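Enquirer: Before I ask anything, let me first share the structure, which is written out below as structure tokens.
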Amino acid sequence: MPDDKIQTSRLRRSARVGRLAAGQTLRQVGTRAANLGRDEEAAQDALLRRQLETAEQIVAALGQMKGAAMKLGQVMSFLDVGLVPEPFREEFQAKLGALRNAAPKVSFKEMRRVMEQEYGEPLSRVFDEFQPEPIAAASIGQVYRAAVDGRAVAVKVQYPGVGQAVRADMQNLGLILRLMKRVAPGLDAQALAREIRDRIDDELDYELEAQNHRSLARIFRGHPFIFVPDVLTELCHERVIVSEYVEGRGFEELKRLPVAERDRVGEIIFRFYFGCMYRHHQFSGDPHPGNSLLLADGRMAFIDFGLFKRLPRQVAELELEVQRLGIEGRAEELLQTLRRAGFFAPGSRPTPEGVLEQLRDTTWWYLEDGEVELTPEIATEVIIEMSDPRSTHWGKMRHETLPPDHLFGRRLETLTLAVLGQLHARANWHRIAREGIYGDEPVTDLGRQEAEFYARHPPRG
């Protein structure tokens with residue numbers, strides 16, 4: 001893509017974001033009387049009111065849920081960006097945040113009972129040492145530090161009864177997605193509900209998580225800068241998973257590193273999550289800042305593979321083809337490719353130019369050839385353009401749909417961007433991405449190290 005196209009695109013985006021921000025000041029629901037005579041303003045006012053009413057109903061539905069509220073709030077993180085008018089966004093985010101962070105208060109006595117039920121014997125016979133104070137709280141369980149055979153391990157234990165509670169609460173998922181369909185008529189609510197249910201159901205099975213974790217540990221064994229700790233398979237059960245304990249610097253500390261070190265960490269995070277999706281066709285759907293640690297030897301450790309997606313090869317190839325068409329500006333082919341893949345609701349009439357512009361506005365940070373310092377503001381802008389009523393593409397998006405196999409890919413993409421934005425990581429993300437999109441030779445030191453690794457360990461599948 002020529003340099004003038006890059007600059008033009010960025011200037012246009014900056015102006016649009018400024019208009020979006022300024023426009024919100026004029027959109028306070030209580031100050032619309034003077035504008036209601038205009039048909040466009042009246043329609044916009046009605047849409048905002050419908051969004052607010054829908055958002056309140058969704059919060060009410062989540063508030064009735066017991067076991068699944070926090071997990072569903074985590075999985076459906078697009079809700080806290082893409083639904084609520086600006087004047088009410090902060091309150092809505094606070095309510096969803098409270099649900100996501102409302103970890104149950106469970107005593108160690110109860111958690112020990114879960115483990116002893118799984119192992120069929122006292123905890124003292126399974127582990128040499130076991131620290132009763134949790135070192136972390138997961139969405140559906142707690143993590144403890146222990147030792148077995150002289151080896152430090154992390155033990156993740158599911159809250160008692162959470163599996164039954166989550167599954168019982170899944171009946172509310174259909175209601176929530178039906179409510180969302182009011183503001184996004186093209187949404188295939190049934191298909192997305194099945195995908196979300198499947199992923200949450202998988203996450204409740206720690207034996208399955210151990211299998212997914214073990215798969216990535218095998219793939220990255222010996223990698224020069226990515227480390228996935230081993231799983232102790234013989235100690236894993238449906239409600240308990242045990243893995244090698246890792247110690248490193250957490251995300252808050254990483255944000256304070258010098259620029260060059262933050263850039264290096266950012267490139268590793270990008271390579272891990274995008275590489276898992278496009279190179280290995282299996283990935284963690286939760287690129288949370290707390291799920292990566294910088295080790296003393298400079299490698300990044302990645303943990304927690306509960307929310308996991310295995311991507312059919314043809315789906316990954318479709319996404320790479322879409323990216324190539326976007327980079328090359330082949331608008332008509334892009335439209336036909338997405339139409340065949342089911343991204344447009346029946347009766348919708350997208351234009352090639354509109355589809356190309358929409359793709360570029362949501363992926364420009366790694367589709368345009370130039371160095372970009374990612375920031376929280378850029379992440380917000382991209383998420384707005386991807387899923388928010390303030391998006392310049394919202395009129396079209398309301399009549400589009402997202403095939404279920406692509407749901408968690410978009411989640412991975414946007415949450416990875418959010419993490420990189422918090423780091424203020426800087427790189428030519430396009431040149432790094434081209435290694436997967438086109439098979440280009442790497443242009444960074446990390447890329448060359450990784451190429452040497454894959455020359456010795458070719459990806460399977």
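Please note that chains go A, B, ... in the order of the structure tokens, that every chain numbers its residues from 1, and that ligands are numbered from 1 in the order shown.
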List every residue of range 238-321 of chain A that DSSP, applied to the backbone, labels as strand (DSSP E), and write the result as a tab-separated table (two decimals) with N, CA and C atoms, in the first residue's frame.
Expert:
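result.tsv written:
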chain	number	residue	atom	x	y	z
A	240	VAL	N	-9.93	-29.86	38.60
A	240	VAL	CA	-8.60	-29.47	39.09
A	240	VAL	C	-7.61	-29.60	37.94
A	241	ILE	N	-6.81	-28.55	37.74
A	241	ILE	CA	-5.74	-28.62	36.75
A	241	ILE	C	-4.44	-28.18	37.42
A	242	VAL	N	-3.37	-28.93	37.18
A	242	VAL	CA	-2.08	-28.67	37.82
A	242	VAL	C	-1.04	-28.47	36.73
A	243	SER	N	-0.31	-27.38	36.84
A	243	SER	CA	0.73	-27.08	35.84
A	243	SER	C	1.98	-26.58	36.55
A	244	GLU	N	3.05	-26.54	35.80
A	244	GLU	CA	4.32	-26.04	36.30
A	244	GLU	C	4.15	-24.59	36.77
A	282	GLN	N	-5.22	-22.90	16.63
A	282	GLN	CA	-5.75	-23.12	17.98
A	282	GLN	C	-5.20	-22.00	18.86
A	283	PHE	N	-6.06	-21.43	19.71
A	283	PHE	CA	-5.60	-20.26	20.44
A	283	PHE	C	-6.42	-20.03	21.69
A	284	SER	N	-5.82	-19.34	22.63
A	284	SER	CA	-6.53	-18.87	23.81
A	284	SER	C	-7.42	-17.71	23.39
A	292	SER	N	0.05	-13.36	30.99
A	292	SER	CA	1.42	-13.42	30.46
A	292	SER	C	2.39	-12.82	31.47
A	293	LEU	N	3.57	-13.39	31.55
A	293	LEU	CA	4.60	-12.97	32.50
A	293	LEU	C	5.94	-12.92	31.79
A	294	LEU	N	6.76	-11.93	32.13
A	294	LEU	CA	8.10	-11.84	31.57
A	294	LEU	C	9.07	-12.55	32.51
A	300	MET	N	8.71	-14.82	27.37
A	300	MET	CA	7.38	-14.53	27.89
A	300	MET	C	6.67	-15.85	28.14
A	301	ALA	N	6.13	-16.00	29.36
A	301	ALA	CA	5.34	-17.18	29.70
A	301	ALA	C	3.87	-16.86	29.50
A	302	PHE	N	3.12	-17.77	28.91
A	302	PHE	CA	1.68	-17.61	28.70
A	302	PHE	C	0.95	-18.72	29.44
A	308	PHE	N	-10.77	-21.51	24.98
A	308	PHE	CA	-9.88	-21.99	23.92
A	308	PHE	C	-10.69	-22.29	22.68
A	309	LYS	N	-10.10	-22.01	21.54
A	309	LYS	CA	-10.79	-22.24	20.27
A	309	LYS	C	-9.85	-22.95	19.30
A	310	ARG	N	-10.34	-24.04	18.73
A	310	ARG	CA	-9.63	-24.70	17.63
A	310	ARG	C	-10.31	-24.26	16.33
Enquirer: Env of Ala331 in chain A: 12 Å cut, atoms = only C-alpha atoms, seq-sep filter 4 positions within chain, self excluded. Answer as a PyMOL selection string.
Expert: chain A and resi 322-327+335-338+350-360
Enquirer: Could those selected residues go to a file with N, CA, C and O atoms, as a CSV table (one decimal), in the first residue's frame?
Expert:
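Wrote it out as selection_4.csv, contents follow:
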chain,number,residue,atom,x,y,z
A,322,VAL,N,-9.0,-12.7,3.2
A,322,VAL,CA,-9.6,-11.5,3.4
A,322,VAL,C,-8.6,-10.4,3.7
A,322,VAL,O,-8.7,-9.3,3.1
A,323,GLN,N,-7.6,-10.7,4.5
A,323,GLN,CA,-6.5,-9.7,4.8
A,323,GLN,C,-5.7,-9.4,3.5
A,323,GLN,O,-5.4,-8.2,3.3
A,324,ARG,N,-5.4,-10.4,2.7
A,324,ARG,CA,-4.7,-10.1,1.5
A,324,ARG,C,-5.5,-9.2,0.5
A,324,ARG,O,-5.0,-8.3,-0.1
A,325,LEU,N,-6.8,-9.5,0.4
A,325,LEU,CA,-7.7,-8.7,-0.5
A,325,LEU,C,-7.8,-7.3,0.1
A,325,LEU,O,-7.8,-6.3,-0.7
A,326,GLY,N,-7.8,-7.1,1.4
A,326,GLY,CA,-7.8,-5.7,2.0
A,326,GLY,C,-6.5,-5.0,1.7
A,326,GLY,O,-6.6,-3.8,1.3
A,327,ILE,N,-5.4,-5.6,1.9
A,327,ILE,CA,-4.1,-5.0,1.6
A,327,ILE,C,-4.0,-4.6,0.2
A,327,ILE,O,-3.5,-3.5,-0.1
A,335,LEU,N,-15.8,-8.3,-1.3
A,335,LEU,CA,-17.2,-8.4,-1.0
A,335,LEU,C,-17.7,-9.8,-1.4
A,335,LEU,O,-18.5,-10.3,-0.6
A,336,GLN,N,-17.3,-10.3,-2.5
A,336,GLN,CA,-17.9,-11.6,-2.9
A,336,GLN,C,-17.4,-12.7,-1.9
A,336,GLN,O,-18.1,-13.7,-1.6
A,337,THR,N,-16.1,-12.6,-1.5
A,337,THR,CA,-15.6,-13.6,-0.5
A,337,THR,C,-16.3,-13.6,0.8
A,337,THR,O,-16.7,-14.6,1.3
A,338,LEU,N,-16.6,-12.4,1.3
A,338,LEU,CA,-17.3,-12.3,2.6
A,338,LEU,C,-18.8,-12.7,2.4
A,338,LEU,O,-19.4,-13.3,3.3
A,350,PRO,N,-24.4,-4.4,0.6
A,350,PRO,CA,-23.2,-3.7,0.8
A,350,PRO,C,-22.5,-3.4,-0.6
A,350,PRO,O,-22.7,-4.0,-1.6
A,351,THR,N,-21.7,-2.3,-0.6
A,351,THR,CA,-20.9,-1.9,-1.7
A,351,THR,C,-19.5,-2.4,-1.6
A,351,THR,O,-19.0,-2.5,-0.4
A,352,PRO,N,-18.8,-2.7,-2.7
A,352,PRO,CA,-17.4,-3.1,-2.6
A,352,PRO,C,-16.6,-2.1,-1.8
A,352,PRO,O,-15.8,-2.4,-1.0
A,353,GLU,N,-16.8,-0.8,-2.2
A,353,GLU,CA,-16.0,0.3,-1.6
A,353,GLU,C,-16.2,0.4,-0.1
A,353,GLU,O,-15.3,0.6,0.7
A,354,GLY,N,-17.5,0.3,0.3
A,354,GLY,CA,-17.9,0.4,1.7
A,354,GLY,C,-17.3,-0.8,2.5
A,354,GLY,O,-16.8,-0.6,3.7
A,355,VAL,N,-17.3,-2.0,1.9
A,355,VAL,CA,-16.8,-3.2,2.7
A,355,VAL,C,-15.3,-3.0,2.8
A,355,VAL,O,-14.7,-3.3,3.9
A,356,LEU,N,-14.6,-2.6,1.8
A,356,LEU,CA,-13.1,-2.4,1.9
A,356,LEU,C,-12.8,-1.3,2.9
A,356,LEU,O,-11.8,-1.5,3.7
A,357,GLU,N,-13.5,-0.2,2.9
A,357,GLU,CA,-13.2,0.8,3.9
A,357,GLU,C,-13.5,0.3,5.3
A,357,GLU,O,-12.7,0.6,6.2
A,358,GLN,N,-14.5,-0.4,5.5
A,358,GLN,CA,-14.8,-1.0,6.8
A,358,GLN,C,-13.7,-1.9,7.3
A,358,GLN,O,-13.3,-1.8,8.5
A,359,LEU,N,-13.3,-2.8,6.4
A,359,LEU,CA,-12.2,-3.7,6.8
A,359,LEU,C,-10.9,-2.9,7.2
A,359,LEU,O,-10.3,-3.2,8.2
A,360,ARG,N,-10.6,-1.9,6.4
A,360,ARG,CA,-9.4,-1.1,6.7
A,360,ARG,C,-9.5,-0.3,7.9
A,360,ARG,O,-8.5,-0.1,8.7
Enquirer: To one decimal place, how far is CA of Gln211 in chain A from CA of Phe108 in chain A in Å?
Expert: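 According to the coordinates, CA of Gln211 in chain A and CA of Phe108 in chain A are separated by 26.5 Å.
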Enquirer: Taking 3 positions as the minimum chain separation for residues in the same chain, which residues sit within 10 Å of range 121-132 of chain A when counting only C-alpha atoms? Answer as a ChimeraX atom specification.
Expert: /A:107-109,111-113,115-118,135,143-155,235
Enquirer: With distances taken over only C-alpha atoms, which residue among A:Thr401, A:Asn428, A:Thr444, A:Thr392 lies nearest Glu371 in chain A?
Expert: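 Among the listed residues, the smallest separation from Glu371 in chain A belongs to A:Asn428.
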Enquirer: Which polymer residues have any atom within 9 Å of an atom of Val265 in chain A, counting only C-alpha atoms, with same-chain residues fewer than 5 positions away left out, as a ChimeraX atom specification?
Expert: /A:254,260,270,294,299-300,420,423,425
Enquirer: Store the residues picked out above in a file with N, CA, C and O atoms, as an mmCIF file, in the first residue's frame.
Expert:
data_model
loop_
_atom_site.group_PDB
_atom_site.id
_atom_site.type_symbol
_atom_site.label_atom_id
_atom_site.label_comp_id
_atom_site.auth_asym_id
_atom_site.auth_seq_id
_atom_site.Cartn_x
_atom_site.Cartn_y
_atom_site.Cartn_z
ATOM 1 N N LEU A 254 5.413 -4.453 33.524
ATOM 2 C CA LEU A 254 5.818 -4.377 32.119
ATOM 3 C C LEU A 254 5.487 -3.020 31.513
ATOM 4 O O LEU A 254 6.219 -2.515 30.661
ATOM 5 N N ALA A 260 12.184 0.336 24.472
ATOM 6 C CA ALA A 260 12.652 -0.784 23.653
ATOM 7 C C ALA A 260 12.187 -2.116 24.231
ATOM 8 O O ALA A 260 11.822 -3.040 23.482
ATOM 9 N N PHE A 270 2.076 -10.180 20.319
ATOM 10 C CA PHE A 270 1.441 -10.205 18.997
ATOM 11 C C PHE A 270 1.742 -11.527 18.291
ATOM 12 O O PHE A 270 0.849 -12.187 17.737
ATOM 13 N N LEU A 294 6.757 -11.931 32.133
ATOM 14 C CA LEU A 294 8.103 -11.837 31.572
ATOM 15 C C LEU A 294 9.070 -12.550 32.508
ATOM 16 O O LEU A 294 9.234 -12.168 33.674
ATOM 17 N N ARG A 299 12.236 -14.602 28.170
ATOM 18 C CA ARG A 299 11.093 -15.220 27.496
ATOM 19 C C ARG A 299 9.789 -14.737 28.135
ATOM 20 O O ARG A 299 9.769 -14.322 29.291
ATOM 21 N N MET A 300 8.706 -14.819 27.365
ATOM 22 C CA MET A 300 7.377 -14.533 27.894
ATOM 23 C C MET A 300 6.672 -15.846 28.144
ATOM 24 O O MET A 300 6.614 -16.722 27.264
ATOM 25 N N LEU A 420 -1.689 -4.441 23.738
ATOM 26 C CA LEU A 420 -0.569 -3.739 23.109
ATOM 27 C C LEU A 420 -0.703 -2.232 23.277
ATOM 28 O O LEU A 420 0.288 -1.515 23.444
ATOM 29 N N LEU A 423 0.546 -1.138 26.585
ATOM 30 C CA LEU A 423 2.011 -1.140 26.614
ATOM 31 C C LEU A 423 2.608 0.019 25.812
ATOM 32 O O LEU A 423 3.803 0.277 25.924
ATOM 33 N N ALA A 425 3.124 -0.224 22.757
ATOM 34 C CA ALA A 425 4.096 -0.968 21.960
ATOM 35 C C ALA A 425 4.166 -0.395 20.551
ATOM 36 O O ALA A 425 3.157 -0.029 19.954
#
Enquirer: Name the residues in contact with Tyr366 in chain A at a cut-off of 8 Å, using only C-alpha atoms, excluding same-chain residues fewer than 6 positions from it; report them as a PyMOL selection string.
Expert: chain A and resi 428-431+433
Enquirer: Could you jot down the CA of Tyr206 in chain A to CA of Leu415 in chain A separation for me, Å, one decimal place?
Expert: 23.4 Å
Enquirer: In Å to one decimal, how far is CA of Thr233 in chain A from CA of Val166 in chain A?
Expert: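 Separating CA of Val166 in chain A from CA of Thr233 in chain A is a distance of 25.3 Å.
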